[in-house]
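Chemist: Okay, here's the structure, questions in a sec.
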Number of protein chains: 6
Amino acid sequence: MSRIALFPGSFDPFTKGHENVARRAILLFDKLVIAIGHNPEKSRYFPVEPMRKSIQSLFDPEKLEVILYNQLTANLAVKYGAKYLVRGLRNTTDFEFENSVTQLNQTLEPELETVFFITHPHYAHISSSLVREVHKYGGDVSSFLSYPLK
Amino acid sequence: MSRIALFPGSFDPFTKGHENVARRAILLFDKLVIAIGHNPEKSRYFPVEPMRKSIQSLFDPEKLEVILYNQLTANLAVKYGAKYLVRGLRNTTDFEFENSVTQLNQTLEPELETVFFITHPHYAHISSSLVREVHKYGGDVSSFLSYPLK
Amino acid sequence: MSRIALFPGSFDPFTKGHENVARRAILLFDKLVIAIGHNPEKSRYFPVEPMRKSIQSLFDPEKLEVILYNQLTANLAVKYGAKYLVRGLRNTTDFEFENSVTQLNQTLEPELETVFFITHPHYAHISSSLVREVHKYGGDVSSFLSYPLK
Amino acid sequence: MSRIALFPGSFDPFTKGHENVARRAILLFDKLVIAIGHNPEKSRYFPVEPMRKSIQSLFDPEKLEVILYNQLTANLAVKYGAKYLVRGLRNTTDFEFENSVTQLNQTLEPELETVFFITHPHYAHISSSLVREVHKYGGDVSSFLSYPLK
Amino acid sequence: MSRIALFPGSFDPFTKGHENVARRAILLFDKLVIAIGHNPEKSRYFPVEPMRKSIQSLFDPEKLEVILYNQLTANLAVKYGAKYLVRGLRNTTDFEFENSVTQLNQTLEPELETVFFITHPHYAHISSSLVREVHKYGGDVSSFLSYPLK
Amino acid sequence: MSRIALFPGSFDPFTKGHENVARRAILLFDKLVIAIGHNPEKSRYFPVEPMRKSIQSLFDPEKLEVILYNQLTANLAVKYGAKYLVRGLRNTTDFEFENSVTQLNQTLEPELETVFFITHPHYAHISSSLVREVHKYGGDVSSFLSYPLK
């Protein structure tokens, strides 16, 4: 039986920090599904479909699939047969938040396990919100992303 | 003289974590007032008056009263003759925030003391914002609340 | 029935930060017992019996008693009829430690409740270990203590 | 060559905590520029131009200049010939955020150095957002600011 | 090729918190090696060989092997063909420490990956040092361990 | 008047992380004094005099002097005419400790200011205690130090 893991997030945008976590997770699981949480009623800074394509372009689709979703992460995991969630930890603020979300998911879906990687220090300072801020002011964000922004 | 304590919060919704703190605080004080901060200009996810009634239904009104308020917490405490505020601590992020609010309240009202309980680990992962998120996506939140949602 | 609380610690030495917590706790409880943990096999920097007397000299013995102990805190609480432990929180490092100890005590003695005060910012930087360090190098520690060192 | 430092922030409002950091930074640099980030599309609670004047009134304009800006902080620093950013740290939540921003700025402008002061504990609990909250409810915020609010 | 992971620690003693992490890790890897760091020059509280046997008794030896070691963890991993280290995270203090150790191990052995599980909140307060403390004072530690202490 | 800063620590050993902080501090001050705290009664892992020479060999002695000391840091600063202490911050655990020490030093010597640099993420995981641990087990620590160990 194949080990499938879900890597959920809003990825607005998908940074080199996220990519670092994904590349390490691919080695541990048979298949990784990057799931972009996307509520059509909420606006994103970077349009979601081009973002999905950009992320997909970085990975072998046999090993890593990028999808959009708009439901509970725990339910999505069940739908995809994923027994694992993957998340990156950058710092203690991340840890406190992820700790809460992990217990919540386990309450909703007791079989669902969450596995963490500590983001490599080279990328740990890159947050999607800071990248948006830099981009909004016309700054060069290419060093934080490994795909061209259209 | 009776010892009155105020347990302020937005309680959107009131979770089993809040209830855990309230049940422990009741034993220490003669009367506990749960004060739901409610600014009519800001929208809540769970309507405030049904929430007030749901909370009140969990407790003996002689010992614990649930009210709505829309003013400074420090002023409300004076109005109710409460010398104590009660707050729960779930994690270090909570601690940093509560530390600031506590000193602020003591600046505004030097006699006002804040007493903390560490939320029982069984409930520490339950945050109101996560419960709203689950509910918004149609998830079952009954395990996080001890009253029925209408 | 009187509300008795235990304020346990090693108090090597008892600082103005500890005193700040004790003075605030006295107002909430009928009696406060400051319990100096003292293992005769471990050496202290400040001798324990003079320390006990110095602490006692700061408080009304009717309201606050200072004792030595060398057993489990949870057992000591039962012995003294104390339903409450009192502890101060200075920062997030304290919080993480106290969180563990609190759950441990509740496992050992389910009725035992721990109540926290956030140390006043004026005293929050004073740790016993730093005071010992300053004293060892001949520095003046009188501003950290409110009793004379013999 | 003179050492110029930039102290960027939204300062909505500029508190005694910010002032504490600025007064200490002035002694270390030849000139300090307080830069109020101000996006005309986003609304502030305290109008920006009166705030600029209030801040300027507290300091010698030869040593400390207060300006408005609406661009990347790293670019502003280059424009002003500032090799240093100055920031205050109040607690661990601040630290985690500033850690990210600092690395981001160094990626954008490798020569740009950030120097930190720990906010004096007397002021560390004062956050702009709490001051706005108190002011909104008609509370007296004069003890958090050292200039009159018009 | 089988996926082998190492779960290193001093396990003085091995608690239900450690067991919780191990049971979850077993499901993710083909083989888990619990490696008790043991420097014969340093004294332990609980003798190491009985501890090794107690841990082994809890798990199927085909899936989980318990060994003693006295060398660099990174070198031990190479020796056992383990590409993964497994560690539990209980709180932010753990996180900061594990963050440092993880980067260190990756510097020493670039292929070595560390995977984290957040300890279940039911066990997160159990630390080996607190269990030793309780045991030293004659307290009952059976609720923290799932094997009998000889 | 020249701006002198003291960079105190035990530096057992002086790592690339310390060096990173020192090189950045040199640019801000006219002179930096690296002060190795050395209590002859306490044993070090790396002998202190060779360490002093190794550190000195990395820097221009006109700009940076390395000394040994065995007194209160605040007193040493006065003796050297240093108005500033320099410290690096790697993570939140560091922050909480440095926060306490900074306020303590300011109580002992009100004129003494402490300036912080956040250690570059490339070096933030390097702690002296981990380097000692690696060295003790015969691991290669050369990537953590920029001088040869004799």
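Letters for chains follow the order of the structure tokens (A, B, ...), residue numbers begin at 1 for each chain, and ligand numbers begin at 1 in the order shown.
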Select, as a ChimeraX atom specification, those residues of chain A with any atom no more than 10 Å from chain F (distances computed using only C-alpha atoms).
Modeler: /A:91-92,120-125
Chemist: Pick out each residue of range 35-103 of chain E that DSSP on the backbone tags as strand (DSSP E); I need them as a PyMOL selection string.
Modeler: chain E and resi 35-37+64-69+84-89
Chemist: Within 9 Å of Ser143 in chain C, counting only C-alpha atoms, which residues show up once you throw out same-chain ones fewer than 6 positions away? Write them as a VMD selection string, please.
Modeler: (chain C and resid 16) or (chain F and resid 107 to 108)
Chemist: Taking 5 positions as the minimum chain separation for residues in the same chain, which residues sit within 12 Å of Arg132 in chain A when counting only C-alpha atoms? Answer as a PyMOL selection string.
Modeler: (chain A and resi 11-15+44-46+126-127+137-142+144-145) or (chain D and resi 72)
Chemist: Quick one: everything within 12 Å of Tyr69 in chain B, counting only C-alpha atoms, minus sequence neighbours fewer than 6 positions away in the same chain. Send it as a count of residues only.
Modeler: 22
Chemist: Residues within 7 Å of range 19-31 of chain B, please, as a compact mmCIF listing (two decimals) with N, CA, C and O atoms, in the first residue's frame. Count only C-alpha atoms; anything in the same chain fewer than 3 positions from it doesn't count.
Modeler:
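Once written, out21.txt looks like this:
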# COMPACT_ATOMS: atom_id res chain seq x y z
N SER B 2 -17.59 39.72 49.50
CA SER B 2 -17.48 38.61 48.56
C SER B 2 -16.41 38.90 47.51
O SER B 2 -16.17 40.03 47.12
N ARG B 3 -15.76 37.85 47.09
CA ARG B 3 -14.71 37.96 46.08
C ARG B 3 -15.31 37.73 44.69
O ARG B 3 -15.74 36.61 44.38
N ILE B 4 -15.35 38.78 43.90
CA ILE B 4 -15.95 38.69 42.57
C ILE B 4 -14.83 38.74 41.53
O ILE B 4 -13.91 39.55 41.63
N ALA B 5 -14.92 37.86 40.56
CA ALA B 5 -13.94 37.88 39.48
C ALA B 5 -14.64 37.95 38.13
O ALA B 5 -15.75 37.44 37.97
N THR B 15 -15.69 27.79 24.31
CA THR B 15 -15.27 26.40 24.08
C THR B 15 -15.15 25.62 25.40
O THR B 15 -15.22 26.20 26.48
N LYS B 16 -14.90 24.34 25.26
CA LYS B 16 -14.63 23.52 26.45
C LYS B 16 -13.37 23.99 27.18
O LYS B 16 -13.23 23.75 28.38
N LYS B 63 -23.87 31.51 41.09
CA LYS B 63 -22.40 31.49 41.19
C LYS B 63 -21.74 32.15 39.98
O LYS B 63 -20.67 32.73 40.09
N LEU B 64 -22.38 32.02 38.83
CA LEU B 64 -21.76 32.52 37.61
C LEU B 64 -22.81 33.20 36.73
O LEU B 64 -23.81 32.59 36.35
N GLY B 88 -7.28 32.25 31.03
CA GLY B 88 -6.62 30.97 30.82
C GLY B 88 -5.37 31.16 29.97
O GLY B 88 -5.30 32.06 29.14
N PHE B 117 -5.02 30.59 35.08
CA PHE B 117 -5.03 29.13 35.14
C PHE B 117 -4.44 28.63 33.81
O PHE B 117 -4.74 29.19 32.75
N THR B 119 -4.76 26.23 30.98
CA THR B 119 -5.82 25.40 30.43
C THR B 119 -5.39 23.93 30.45
O THR B 119 -4.26 23.60 30.10
Chemist: Quick one: everything within 10 Å of Leu130 in chain E, counting only C-alpha atoms, minus sequence neighbours fewer than 5 positions away in the same chain. Send it as a PDB file with all heavy atoms, in the first residue's frame.
Modeler:
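Contents of the output file out-v7.pdb:
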ATOM      1  N   SER C 100       4.471  22.064  32.592  1.00  0.00           N
ATOM      2  CA  SER C 100       4.772  20.650  32.866  1.00  0.00           C
ATOM      3  C   SER C 100       4.547  20.293  34.327  1.00  0.00           C
ATOM      4  O   SER C 100       3.916  19.277  34.650  1.00  0.00           O
ATOM      5  CB  SER C 100       6.223  20.334  32.489  1.00  0.00           C
ATOM      6  OG  SER C 100       6.396  20.377  31.100  1.00  0.00           O
ATOM      7  N   VAL C 101       5.057  21.121  35.216  1.00  0.00           N
ATOM      8  CA  VAL C 101       4.957  20.820  36.645  1.00  0.00           C
ATOM      9  C   VAL C 101       3.498  20.811  37.092  1.00  0.00           C
ATOM     10  O   VAL C 101       3.080  19.954  37.887  1.00  0.00           O
ATOM     11  CB  VAL C 101       5.774  21.842  37.465  1.00  0.00           C
ATOM     12  CG1 VAL C 101       5.528  21.651  38.959  1.00  0.00           C
ATOM     13  CG2 VAL C 101       7.261  21.707  37.150  1.00  0.00           C
ATOM     14  N   LEU C 104       1.843  17.625  36.032  1.00  0.00           N
ATOM     15  CA  LEU C 104       2.389  16.553  36.858  1.00  0.00           C
ATOM     16  C   LEU C 104       1.728  16.548  38.229  1.00  0.00           C
ATOM     17  O   LEU C 104       1.291  15.498  38.726  1.00  0.00           O
ATOM     18  CB  LEU C 104       3.899  16.761  37.019  1.00  0.00           C
ATOM     19  CG  LEU C 104       4.600  15.717  37.874  1.00  0.00           C
ATOM     20  CD1 LEU C 104       5.334  14.734  36.971  1.00  0.00           C
ATOM     21  CD2 LEU C 104       5.566  16.363  38.839  1.00  0.00           C
TER      22      LEU C 104
ATOM     23  N   HIS E 125       3.362  16.775  29.143  1.00  0.00           N
ATOM     24  CA  HIS E 125       3.923  17.338  30.375  1.00  0.00           C
ATOM     25  C   HIS E 125       4.908  16.395  31.051  1.00  0.00           C
ATOM     26  O   HIS E 125       5.528  16.757  32.051  1.00  0.00           O
ATOM     27  CB  HIS E 125       2.797  17.673  31.353  1.00  0.00           C
ATOM     28  CG  HIS E 125       2.116  16.446  31.891  1.00  0.00           C
ATOM     29  ND1 HIS E 125       1.201  15.726  31.151  1.00  0.00           N
ATOM     30  CD2 HIS E 125       2.222  15.805  33.074  1.00  0.00           C
ATOM     31  CE1 HIS E 125       0.776  14.702  31.866  1.00  0.00           C
ATOM     32  NE2 HIS E 125       1.368  14.724  33.015  1.00  0.00           N
ATOM     33  N   HIS E 135      10.183  10.222  41.623  1.00  0.00           N
ATOM     34  CA  HIS E 135      10.649   8.918  42.102  1.00  0.00           C
ATOM     35  C   HIS E 135      11.591   9.064  43.286  1.00  0.00           C
ATOM     36  O   HIS E 135      11.520   8.303  44.257  1.00  0.00           O
ATOM     37  CB  HIS E 135      11.345   8.168  40.961  1.00  0.00           C
ATOM     38  CG  HIS E 135      11.644   6.730  41.280  1.00  0.00           C
ATOM     39  ND1 HIS E 135      12.850   6.327  41.799  1.00  0.00           N
ATOM     40  CD2 HIS E 135      10.891   5.612  41.158  1.00  0.00           C
ATOM     41  CE1 HIS E 135      12.844   5.016  41.969  1.00  0.00           C
ATOM     42  NE2 HIS E 135      11.657   4.552  41.593  1.00  0.00           N
ATOM     43  N   LYS E 136      12.451  10.054  43.212  1.00  0.00           N
ATOM     44  CA  LYS E 136      13.428  10.294  44.280  1.00  0.00           C
ATOM     45  C   LYS E 136      12.736  10.552  45.610  1.00  0.00           C
ATOM     46  O   LYS E 136      13.231  10.168  46.667  1.00  0.00           O
ATOM     47  CB  LYS E 136      14.272  11.525  43.889  1.00  0.00           C
ATOM     48  CG  LYS E 136      15.617  11.611  44.538  1.00  0.00           C
ATOM     49  CD  LYS E 136      16.430  12.768  43.957  1.00  0.00           C
ATOM     50  CE  LYS E 136      15.765  14.112  44.221  1.00  0.00           C
ATOM     51  NZ  LYS E 136      16.450  15.222  43.510  1.00  0.00           N
ATOM     52  N   VAL E 141       5.299   6.766  40.272  1.00  0.00           N
ATOM     53  CA  VAL E 141       5.528   7.201  38.893  1.00  0.00           C
ATOM     54  C   VAL E 141       4.903   6.242  37.888  1.00  0.00           C
ATOM     55  O   VAL E 141       5.106   6.391  36.678  1.00  0.00           O
ATOM     56  CB  VAL E 141       7.046   7.353  38.592  1.00  0.00           C
ATOM     57  CG1 VAL E 141       7.667   8.389  39.523  1.00  0.00           C
ATOM     58  CG2 VAL E 141       7.776   6.022  38.703  1.00  0.00           C
TER      59      VAL E 141
END
Chemist: In Å to one decimal, how far is CA of Ile118 in chain C from CA of Gly17 in chain B?
Modeler: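 CA of Gly17 in chain B sits 20.4 Å away from CA of Ile118 in chain C.
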Chemist: For a test of reading the model, state the distance in Å between CA of Val66 in chain D and CA of Gln106 in chain D, rounded to one decimal.
Modeler: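 According to the coordinates, CA of Val66 in chain D and CA of Gln106 in chain D are separated by 23.5 Å.
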Chemist: Would you please give, as number ranges by chain, all residues of range 65-105 of chain B that DSSP assigns to helix (DSSP H, G or I) based on the backbone?
Modeler: B: 73-79, 92-105
Chemist: Which value, in Å to one decimal, gives the distance between CA of Val78 in chain F and CA of Glu109 in chain F?
Modeler: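 Value for the CA of Val78 in chain F-CA of Glu109 in chain F distance: 8.4 Å.
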